[in-house]
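What follows is the content of data-v8.cif, which has mmCIF, C-alpha atoms:
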data_protein
#
loop_
_atom_site.label_atom_id
_atom_site.label_comp_id
_atom_site.auth_asym_id
_atom_site.auth_seq_id
_atom_site.Cartn_x
_atom_site.Cartn_y
_atom_site.Cartn_z
CA ARG A 110 -145.33 -49.49 84.61
CA LYS A 111 -148.86 -50.08 83.40
CA GLU A 112 -149.82 -53.73 83.60
CA VAL A 113 -152.75 -56.06 83.27
CA GLU A 114 -152.43 -59.31 85.17
CA GLN A 115 -154.35 -62.51 84.55
CA ASP A 116 -154.16 -66.08 85.75
CA PRO A 117 -152.62 -67.86 82.74
CA GLY A 118 -154.52 -71.09 83.34
CA PRO A 119 -155.13 -73.36 81.63
CA PHE A 120 -158.65 -73.85 82.86
CA ASN A 121 -159.85 -77.29 81.80
CA VAL A 122 -163.61 -77.62 82.27
CA PRO A 123 -166.35 -79.95 81.04
CA GLU A 124 -169.07 -78.77 78.70
CA GLY A 125 -171.83 -77.04 80.59
CA ALA A 126 -169.59 -75.82 83.39
CA THR A 127 -169.48 -72.28 84.69
CA VAL A 128 -166.04 -70.71 84.67
CA ALA A 129 -164.80 -67.36 85.96
CA PHE A 130 -161.74 -65.37 84.96
CA ASN A 131 -160.22 -62.52 86.92
CA CYS A 132 -157.99 -59.68 85.95
CA THR A 133 -156.33 -56.79 87.75
CA TYR A 134 -154.95 -53.63 86.22
CA SER A 135 -152.46 -51.18 87.63
CA ASN A 136 -153.35 -47.92 85.89
CA SER A 137 -156.02 -46.01 87.79
CA ALA A 138 -156.39 -43.66 84.79
CA SER A 139 -157.83 -46.45 82.62
CA GLN A 140 -161.34 -45.63 81.47
CA SER A 141 -162.23 -48.36 78.99
CA PHE A 142 -162.27 -52.07 79.63
CA PHE A 143 -162.77 -55.06 77.37
CA TRP A 144 -162.62 -58.79 77.13
CA TYR A 145 -161.25 -60.17 73.88
CA ARG A 146 -160.85 -63.80 72.91
CA GLN A 147 -157.97 -65.10 70.86
CA ASP A 148 -157.83 -68.45 69.14
CA CYS A 149 -154.43 -70.00 68.53
CA ARG A 150 -152.38 -67.85 66.11
CA LYS A 151 -155.39 -65.71 65.26
CA GLU A 152 -156.29 -62.09 65.87
CA PRO A 153 -157.95 -60.88 69.07
CA LYS A 154 -161.71 -60.66 68.66
CA LEU A 155 -163.88 -58.45 70.83
CA LEU A 156 -166.02 -60.46 73.19
CA MET A 157 -167.53 -57.58 75.12
CA SER A 158 -166.90 -54.15 76.54
CA VAL A 159 -167.08 -53.93 80.32
CA TYR A 160 -169.15 -51.24 82.00
CA SER A 161 -169.09 -49.97 85.56
CA SER A 162 -172.53 -51.35 86.33
CA GLY A 163 -171.61 -54.76 84.98
CA ASN A 164 -173.06 -56.17 81.81
CA GLU A 165 -174.26 -59.41 80.34
CA ASP A 166 -174.29 -60.78 76.81
CA GLY A 167 -175.97 -64.15 76.62
CA ARG A 168 -173.87 -66.63 78.57
CA PHE A 169 -171.18 -64.04 79.31
CA THR A 170 -171.20 -61.64 82.26
CA ALA A 171 -168.55 -59.02 82.91
CA GLN A 172 -168.00 -57.08 86.12
CA LEU A 173 -165.79 -54.10 86.89
CA ASN A 174 -164.64 -52.91 90.30
CA ARG A 175 -162.84 -49.60 89.80
CA ALA A 176 -161.91 -49.23 93.47
CA SER A 177 -160.09 -52.56 93.44
CA GLN A 178 -159.02 -52.22 89.78
CA TYR A 179 -160.44 -55.64 89.13
CA ILE A 180 -162.35 -57.05 86.16
CA SER A 181 -164.06 -60.41 85.87
CA LEU A 182 -165.65 -62.54 83.20
CA LEU A 183 -168.13 -65.31 83.91
CA ILE A 184 -169.02 -67.88 81.27
CA ARG A 185 -172.07 -70.01 81.96
CA ASP A 186 -172.99 -73.28 80.26
CA SER A 187 -169.62 -73.42 78.50
CA LYS A 188 -169.46 -74.85 74.98
CA LEU A 189 -166.64 -76.60 73.16
CA SER A 190 -166.42 -73.52 70.94
CA ASP A 191 -165.59 -71.38 73.98
CA SER A 192 -162.12 -72.95 74.04
CA ALA A 193 -159.73 -70.05 73.46
CA THR A 194 -157.50 -67.61 75.31
CA TYR A 195 -159.40 -64.79 77.00
CA LEU A 196 -157.63 -61.46 77.04
CA CYS A 197 -158.34 -58.77 79.59
CA VAL A 198 -157.74 -55.39 77.98
CA VAL A 199 -157.77 -51.85 79.36
CA ASN A 200 -156.95 -48.54 77.78
CA SER A 201 -153.70 -46.96 78.85
CA GLY A 202 -155.21 -43.61 79.75
CA GLY A 203 -153.38 -42.20 76.75
CA SER A 204 -154.71 -41.67 73.26
CA GLN A 205 -157.69 -43.56 71.90
CA GLY A 206 -156.88 -47.12 71.10
CA ASN A 207 -153.68 -47.35 73.12
CA LEU A 208 -154.65 -50.56 74.84
CA ILE A 209 -152.82 -52.67 77.38
CA PHE A 210 -153.39 -56.39 77.02
CA GLY A 211 -153.10 -59.07 79.62
CA LYS A 212 -151.29 -62.19 78.62
CA GLY A 213 -154.57 -64.06 78.64
CA THR A 214 -156.19 -67.00 80.37
CA LYS A 215 -156.43 -70.18 78.38
CA LEU A 216 -159.72 -72.06 78.52
CA SER A 217 -160.17 -75.59 77.30
CA VAL A 218 -163.72 -76.99 77.30
CA LYS A 219 -163.86 -80.76 77.07
CA PRO A 220 -166.79 -82.96 75.99
CA GLU B 252 -169.90 -57.72 58.87
CA PRO B 253 -167.15 -55.30 57.75
CA GLU B 254 -163.65 -56.38 58.64
CA VAL B 255 -160.05 -55.25 58.66
CA THR B 256 -157.95 -57.03 56.06
CA GLN B 257 -154.19 -57.46 56.07
CA THR B 258 -151.69 -58.62 53.48
CA PRO B 259 -149.59 -60.64 53.23
CA SER B 260 -150.58 -63.28 55.76
CA HIS B 261 -146.96 -64.38 56.08
CA GLN B 262 -143.79 -62.50 55.16
CA VAL B 263 -140.32 -63.98 55.34
CA THR B 264 -137.41 -61.59 55.02
CA GLN B 265 -133.71 -61.44 55.68
CA MET B 266 -132.23 -59.35 58.46
CA GLY B 267 -131.56 -55.80 57.28
CA GLN B 268 -134.23 -55.82 54.58
CA GLU B 269 -137.16 -53.45 54.45
CA VAL B 270 -140.71 -54.77 54.73
CA ILE B 271 -144.06 -53.13 54.23
CA LEU B 272 -147.13 -54.60 55.87
CA ARG B 273 -150.46 -53.59 54.42
CA CYS B 274 -153.88 -53.10 55.93
CA VAL B 275 -157.29 -52.01 54.77
CA PRO B 276 -159.23 -50.74 57.79
CA ILE B 277 -163.00 -50.75 58.09
CA SER B 278 -164.21 -48.09 55.69
CA ASN B 279 -165.99 -45.71 58.05
CA HIS B 280 -163.42 -45.92 60.81
CA LEU B 281 -161.19 -42.95 61.51
CA TYR B 282 -158.62 -44.35 63.93
CA PHE B 283 -155.98 -46.85 62.89
CA TYR B 284 -153.46 -48.84 64.83
CA TRP B 285 -150.65 -51.33 64.65
CA TYR B 286 -150.01 -53.88 67.35
CA ARG B 287 -147.60 -56.77 67.48
CA GLN B 288 -147.47 -60.08 69.32
CA ILE B 289 -144.23 -61.99 69.71
CA LEU B 290 -144.93 -65.72 69.91
CA GLY B 291 -146.12 -66.67 73.38
CA GLN B 292 -146.23 -63.08 74.61
CA LYS B 293 -148.74 -60.28 75.08
CA VAL B 294 -150.25 -58.19 72.35
CA GLU B 295 -148.36 -54.87 72.42
CA PHE B 296 -149.32 -51.42 71.19
CA LEU B 297 -147.06 -49.91 68.54
CA VAL B 298 -148.77 -46.83 67.14
CA SER B 299 -152.07 -45.03 66.70
CA PHE B 300 -152.92 -42.85 63.72
CA TYR B 301 -155.67 -40.30 63.22
CA ASN B 302 -156.25 -37.47 60.79
CA ASN B 303 -153.17 -38.42 58.77
CA GLU B 304 -150.75 -38.23 61.63
CA ILE B 305 -149.44 -40.33 64.47
CA SER B 306 -151.41 -39.79 67.68
CA GLU B 307 -149.21 -41.85 69.93
CA LYS B 308 -146.41 -44.36 69.63
CA SER B 309 -144.84 -46.79 72.04
CA GLU B 310 -141.16 -47.14 72.87
CA ILE B 311 -141.10 -50.16 70.56
CA PHE B 312 -141.93 -47.89 67.61
CA ASP B 313 -138.43 -46.51 67.06
CA ASP B 314 -136.92 -44.81 64.01
CA GLN B 315 -136.94 -48.09 62.07
CA PHE B 316 -140.74 -48.00 61.98
CA SER B 317 -143.02 -45.72 60.02
CA VAL B 318 -146.70 -45.66 59.09
CA GLU B 319 -148.49 -44.17 56.17
CA ARG B 320 -151.96 -43.85 54.77
CA PRO B 321 -151.06 -43.47 51.09
CA ASP B 322 -154.63 -43.31 49.84
CA GLY B 323 -158.17 -43.38 51.17
CA SER B 324 -158.18 -47.06 52.00
CA ASN B 325 -154.73 -48.46 52.80
CA PHE B 326 -152.73 -48.13 55.99
CA THR B 327 -149.16 -49.42 55.97
CA LEU B 328 -146.42 -50.23 58.44
CA LYS B 329 -142.85 -50.08 57.17
CA ILE B 330 -139.88 -51.54 58.95
CA ARG B 331 -136.76 -50.09 57.38
CA SER B 332 -134.06 -52.52 58.42
CA THR B 333 -135.50 -55.64 60.00
CA LYS B 334 -133.89 -57.34 62.97
CA LEU B 335 -134.34 -60.89 64.20
CA GLU B 336 -136.33 -59.58 67.16
CA ASP B 337 -138.89 -58.02 64.82
CA SER B 338 -140.23 -61.51 64.13
CA ALA B 339 -143.82 -61.43 65.39
CA MET B 340 -147.46 -61.28 64.37
CA TYR B 341 -148.37 -57.76 63.37
CA PHE B 342 -152.01 -56.82 63.78
CA CYS B 343 -153.64 -53.81 62.21
CA ALA B 344 -156.77 -52.49 63.90
CA SER B 345 -159.29 -49.71 63.42
CA SER B 346 -161.97 -48.10 65.51
CA GLY B 347 -164.81 -45.65 65.12
CA GLN B 348 -165.43 -42.30 66.72
CA GLY B 349 -165.57 -42.00 70.49
CA TYR B 350 -162.97 -42.58 73.13
CA GLY B 351 -163.38 -46.13 74.28
CA SER B 352 -164.70 -47.47 71.00
CA PRO B 353 -163.52 -51.06 70.75
CA LEU B 354 -160.82 -51.98 68.28
CA HIS B 355 -161.43 -54.37 65.43
CA PHE B 356 -158.35 -56.35 64.48
CA GLY B 357 -157.26 -57.73 61.16
CA ASN B 358 -156.14 -61.33 60.83
CA GLY B 359 -152.50 -60.37 61.11
CA THR B 360 -149.26 -60.69 59.18
CA ARG B 361 -146.74 -63.17 60.49
CA LEU B 362 -143.29 -61.65 59.95
CA THR B 363 -140.33 -63.99 60.08
CA VAL B 364 -136.88 -62.41 59.97
CA THR B 365 -134.05 -64.82 59.22
#
Any chance you could put this one into structure tokens?
Amino acid sequence: RKEVEQDPGPFNVPEGATVAFNCTYSNSASQSFFWYRQDCRKEPKLLMSVYSSGNEDGRFTAQLNRASQYISLLIRDSKLSDSATYLCVVNSGGSQGNLIFGKGTKLSVKP
Amino acid sequence: EPEVTQTPSHQVTQMGQEVILRCVPISNHLYFYWYRQILGQKVEFLVSFYNNEISEKSEIFDDQFSVERPDGSNFTLKIRSTKLEDSAMYFCASSGQGYGSPLHFGNGTRLTVT
């Protein structure tokens, strides 16, 4: 069974903190990796794709370790608006767009 | 920024009734999808659609479900005879060319089956 596992949290952090989320996936055939964020009762929104060499987008840094089947997301200088659930997402190895979602890690940034 | 739009935002129906959920994908996208999320659970893949046919479907997508692209802009999900367990958020998504292109999700239709 193809799974994506995440720590459910919640992570409660003060503004300005650095927070890291981890994710493991079971399907070694997965080739595409993403972090999405989801606000309560809203649609998932793409935060960033994750590349083998690691990539950064402003305050967000994603890392991928294919050998360990492990993905991480680091958020620096967290803002109140970062409060959301962060979804680790990998493709199933099947057709385009057949994605497997983790259940998400909830982040709450407090003033 | 172009977006995927879905209607209605909330649909209430009685068990056994048929529902049609509607989506307008991003105009230059070629791949279309339906996902669902039962309250408190993971987002789950239902079906992918490309070149006017289903590319792949999950075990959730049984004979009660069907998809259609009736014209150049709309993409629909039909549930023929709804069950209580079909109650969920249904998200439409689309993506551009290229394996690994990220999906862009619509704002969802909340389906409540009573």
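Omitting Gly267 in chain B and its sequence neighbours fewer than 4 positions away, and counting all atoms listed in the file, the residues within 8 Å are B:Arg331, B:Ser332, B:Thr333, B:Lys334.
What the PyMOL selection byres ((chain A and resi 114) around 6) grabs from this file is Val113, Gln115, Cys132, Thr133 and Gly211 of chain A.
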Contact check, chain B to chain A, at most 6 Å, counting all atoms listed in the file, closest pairs as CSV:
residue,atom,partner,partner_atom,distance
B:Lys293,CA,A:Lys212,CA,4.8
B:Val294,CA,A:Phe210,CA,5.9
B:Tyr350,CA,A:Gln205,CA,5.5
B:Gly351,CA,A:Ser141,CA,5.3
B:Asn358,CA,A:Glu152,CA,5.1
I'd like to see the residues matched by the PyMOL selection byres ((chain B and resi 302) around 8) on this file, and ideally I'd get them as number ranges by chain. B: 281-282, 300-301, 303-304
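The spacing separating CA of Gln262 in chain B from CA of Val298 in chain B amounts to 20.3 Å.
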Near-Arg168 in chain A list (9 Å; all atoms listed in the file; drop same-chain fewer than 5 positions) as a tab-separated table (two decimals) with C-alpha atoms, in the frame of the given file:
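After the write, result03.tsv holds the following:
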chain	number	residue	atom	x	y	z
A	183	LEU	CA	-168.13	-65.31	83.91
A	184	ILE	CA	-169.02	-67.88	81.27
A	185	ARG	CA	-172.07	-70.01	81.96
A	186	ASP	CA	-172.99	-73.28	80.26
A	187	SER	CA	-169.62	-73.42	78.50
Quick one: which residues end up in the PyMOL selection byres ((chain B and resi 308) around 8) for this structure, as an MDAnalysis selection string? chainID B and resid 296:299 305:307 309:312
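For the pair CA of Pro321 in chain B and CA of Val275 in chain B, the interatomic distance is 11.2 Å.
Proximity to Ser352 in chain B was assessed for B:His261, B:Asp337, B:Val255, B:His280 counting all atoms listed in the file; the smallest distance is recorded for B:His280.
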Counting all atoms listed in the file, select every polymer residue within 9 Å of (-167.0, -47.4, 89.1) as defined in the file's coordinates, and provide the selection as a PDB file with C-alpha atoms, in the frame of the given file.
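Contents of the output file result-v3.pdb:
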ATOM      1  CA  TYR A 160    -169.150 -51.240  82.000  1.00  0.00           C
ATOM      2  CA  SER A 161    -169.090 -49.970  85.560  1.00  0.00           C
ATOM      3  CA  SER A 162    -172.530 -51.350  86.330  1.00  0.00           C
ATOM      4  CA  LEU A 173    -165.790 -54.100  86.890  1.00  0.00           C
ATOM      5  CA  ASN A 174    -164.640 -52.910  90.300  1.00  0.00           C
ATOM      6  CA  ARG A 175    -162.840 -49.600  89.800  1.00  0.00           C
ATOM      7  CA  ALA A 176    -161.910 -49.230  93.470  1.00  0.00           C
TER       8      ALA A 176
END
With all atoms listed in the file as the counted atoms, please give the residues lying no more than 6 Å from Arg287 in chain B, apart from itself and same-chain residues fewer than 4 positions off, as a list in words. Val294, Glu295, Met340, Tyr341 and Phe342 of chain B
Top pick for closest residue to Gln288 in chain B, considering A:Lys188, A:Asp166, A:Ala129, A:Gln147 and counting all atoms listed in the file: A:Gln147
Write only C-alpha atoms for range 271-348 of chain B from the block just shown, as a PDB file, in the first residue's frame.
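As written to disk, selection32.pdb reads:
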ATOM      1  CA  ILE B 271     -23.463  16.431 -10.841  1.00  0.00           C
ATOM      2  CA  LEU B 272     -20.506  18.481  -9.658  1.00  0.00           C
ATOM      3  CA  ARG B 273     -19.145  21.014 -12.093  1.00  0.00           C
ATOM      4  CA  CYS B 274     -15.689  22.381 -12.719  1.00  0.00           C
ATOM      5  CA  VAL B 275     -14.051  24.789 -15.104  1.00  0.00           C
ATOM      6  CA  PRO B 276     -10.338  23.951 -15.281  1.00  0.00           C
ATOM      7  CA  ILE B 277      -7.612  26.432 -16.147  1.00  0.00           C
ATOM      8  CA  SER B 278      -8.046  27.142 -19.836  1.00  0.00           C
ATOM      9  CA  ASN B 279      -4.699  25.970 -21.220  1.00  0.00           C
ATOM     10  CA  HIS B 280      -4.460  22.888 -19.048  1.00  0.00           C
ATOM     11  CA  LEU B 281      -4.888  19.470 -20.614  1.00  0.00           C
ATOM     12  CA  TYR B 282      -5.117  17.159 -17.613  1.00  0.00           C
ATOM     13  CA  PHE B 283      -8.093  17.128 -15.280  1.00  0.00           C
ATOM     14  CA  TYR B 284      -8.742  15.392 -12.016  1.00  0.00           C
ATOM     15  CA  TRP B 285     -11.216  14.792  -9.252  1.00  0.00           C
ATOM     16  CA  TYR B 286     -10.171  14.271  -5.671  1.00  0.00           C
ATOM     17  CA  ARG B 287     -12.222  13.992  -2.520  1.00  0.00           C
ATOM     18  CA  GLN B 288     -11.609  14.647   1.158  1.00  0.00           C
ATOM     19  CA  ILE B 289     -13.843  13.168   3.825  1.00  0.00           C
ATOM     20  CA  LEU B 290     -13.932  15.443   6.866  1.00  0.00           C
ATOM     21  CA  GLY B 291     -10.814  14.988   8.965  1.00  0.00           C
ATOM     22  CA  GLN B 292      -9.178  12.617   6.500  1.00  0.00           C
ATOM     23  CA  LYS B 293      -6.637  12.699   3.684  1.00  0.00           C
ATOM     24  CA  VAL B 294      -7.209  14.075   0.240  1.00  0.00           C
ATOM     25  CA  GLU B 295      -7.796  11.041  -2.007  1.00  0.00           C
ATOM     26  CA  PHE B 296      -7.399  10.584  -5.749  1.00  0.00           C
ATOM     27  CA  LEU B 297     -10.531   9.598  -7.646  1.00  0.00           C
ATOM     28  CA  VAL B 298      -9.818   9.935 -11.360  1.00  0.00           C
ATOM     29  CA  SER B 299      -7.603  11.543 -13.973  1.00  0.00           C
ATOM     30  CA  PHE B 300      -8.782  12.546 -17.427  1.00  0.00           C
ATOM     31  CA  TYR B 301      -6.826  13.416 -20.546  1.00  0.00           C
ATOM     32  CA  ASN B 302      -7.656  13.623 -24.226  1.00  0.00           C
ATOM     33  CA  ASN B 303     -11.350  12.988 -23.541  1.00  0.00           C
ATOM     34  CA  GLU B 304     -10.866   9.757 -21.704  1.00  0.00           C
ATOM     35  CA  ILE B 305     -10.076   8.461 -18.255  1.00  0.00           C
ATOM     36  CA  SER B 306      -6.349   7.924 -17.734  1.00  0.00           C
ATOM     37  CA  GLU B 307      -6.578   6.299 -14.357  1.00  0.00           C
ATOM     38  CA  LYS B 308      -9.133   5.777 -11.625  1.00  0.00           C
ATOM     39  CA  SER B 309      -8.892   4.684  -8.031  1.00  0.00           C
ATOM     40  CA  GLU B 310     -10.810   1.887  -6.349  1.00  0.00           C
ATOM     41  CA  ILE B 311     -13.091   4.556  -4.876  1.00  0.00           C
ATOM     42  CA  PHE B 312     -14.238   5.480  -8.399  1.00  0.00           C
ATOM     43  CA  ASP B 313     -16.706   2.626  -8.870  1.00  0.00           C
ATOM     44  CA  ASP B 314     -19.590   2.270 -11.313  1.00  0.00           C
ATOM     45  CA  GLN B 315     -21.596   4.927  -9.473  1.00  0.00           C
ATOM     46  CA  PHE B 316     -19.116   7.580 -10.622  1.00  0.00           C
ATOM     47  CA  SER B 317     -18.578   9.005 -14.069  1.00  0.00           C
ATOM     48  CA  VAL B 318     -16.792  11.999 -15.552  1.00  0.00           C
ATOM     49  CA  GLU B 319     -17.423  13.983 -18.657  1.00  0.00           C
ATOM     50  CA  ARG B 320     -16.065  16.945 -20.531  1.00  0.00           C
ATOM     51  CA  PRO B 321     -19.249  17.990 -22.322  1.00  0.00           C
ATOM     52  CA  ASP B 322     -17.743  21.036 -24.013  1.00  0.00           C
ATOM     53  CA  GLY B 323     -14.442  22.855 -24.285  1.00  0.00           C
ATOM     54  CA  SER B 324     -14.526  24.299 -20.806  1.00  0.00           C
ATOM     55  CA  ASN B 325     -16.514  22.211 -18.321  1.00  0.00           C
ATOM     56  CA  PHE B 326     -15.474  19.024 -16.564  1.00  0.00           C
ATOM     57  CA  THR B 327     -18.111  17.215 -14.523  1.00  0.00           C
ATOM     58  CA  LEU B 328     -18.305  14.460 -11.936  1.00  0.00           C
ATOM     59  CA  LYS B 329     -21.567  12.548 -11.696  1.00  0.00           C
ATOM     60  CA  ILE B 330     -22.542  10.311  -8.830  1.00  0.00           C
ATOM     61  CA  ARG B 331     -25.481   8.214  -9.945  1.00  0.00           C
ATOM     62  CA  SER B 332     -26.982   7.038  -6.683  1.00  0.00           C
ATOM     63  CA  THR B 333     -25.471   8.811  -3.706  1.00  0.00           C
ATOM     64  CA  LYS B 334     -24.724   7.047  -0.450  1.00  0.00           C
ATOM     65  CA  LEU B 335     -24.198   8.531   2.989  1.00  0.00           C
ATOM     66  CA  GLU B 336     -20.487   7.745   2.738  1.00  0.00           C
ATOM     67  CA  ASP B 337     -20.184   9.924  -0.364  1.00  0.00           C
ATOM     68  CA  SER B 338     -20.440  12.978   1.887  1.00  0.00           C
ATOM     69  CA  ALA B 339     -17.132  14.795   1.441  1.00  0.00           C
ATOM     70  CA  MET B 340     -15.410  17.768  -0.145  1.00  0.00           C
ATOM     71  CA  TYR B 341     -14.866  17.124  -3.824  1.00  0.00           C
ATOM     72  CA  PHE B 342     -11.971  18.969  -5.405  1.00  0.00           C
ATOM     73  CA  CYS B 343     -11.452  19.381  -9.114  1.00  0.00           C
ATOM     74  CA  ALA B 344      -7.896  20.024 -10.284  1.00  0.00           C
ATOM     75  CA  SER B 345      -6.043  20.603 -13.519  1.00  0.00           C
ATOM     76  CA  SER B 346      -2.443  20.589 -14.626  1.00  0.00           C
ATOM     77  CA  GLY B 347      -0.381  21.521 -17.631  1.00  0.00           C
ATOM     78  CA  GLN B 348       1.821  19.433 -19.866  1.00  0.00           C
TER      79      GLN B 348
END
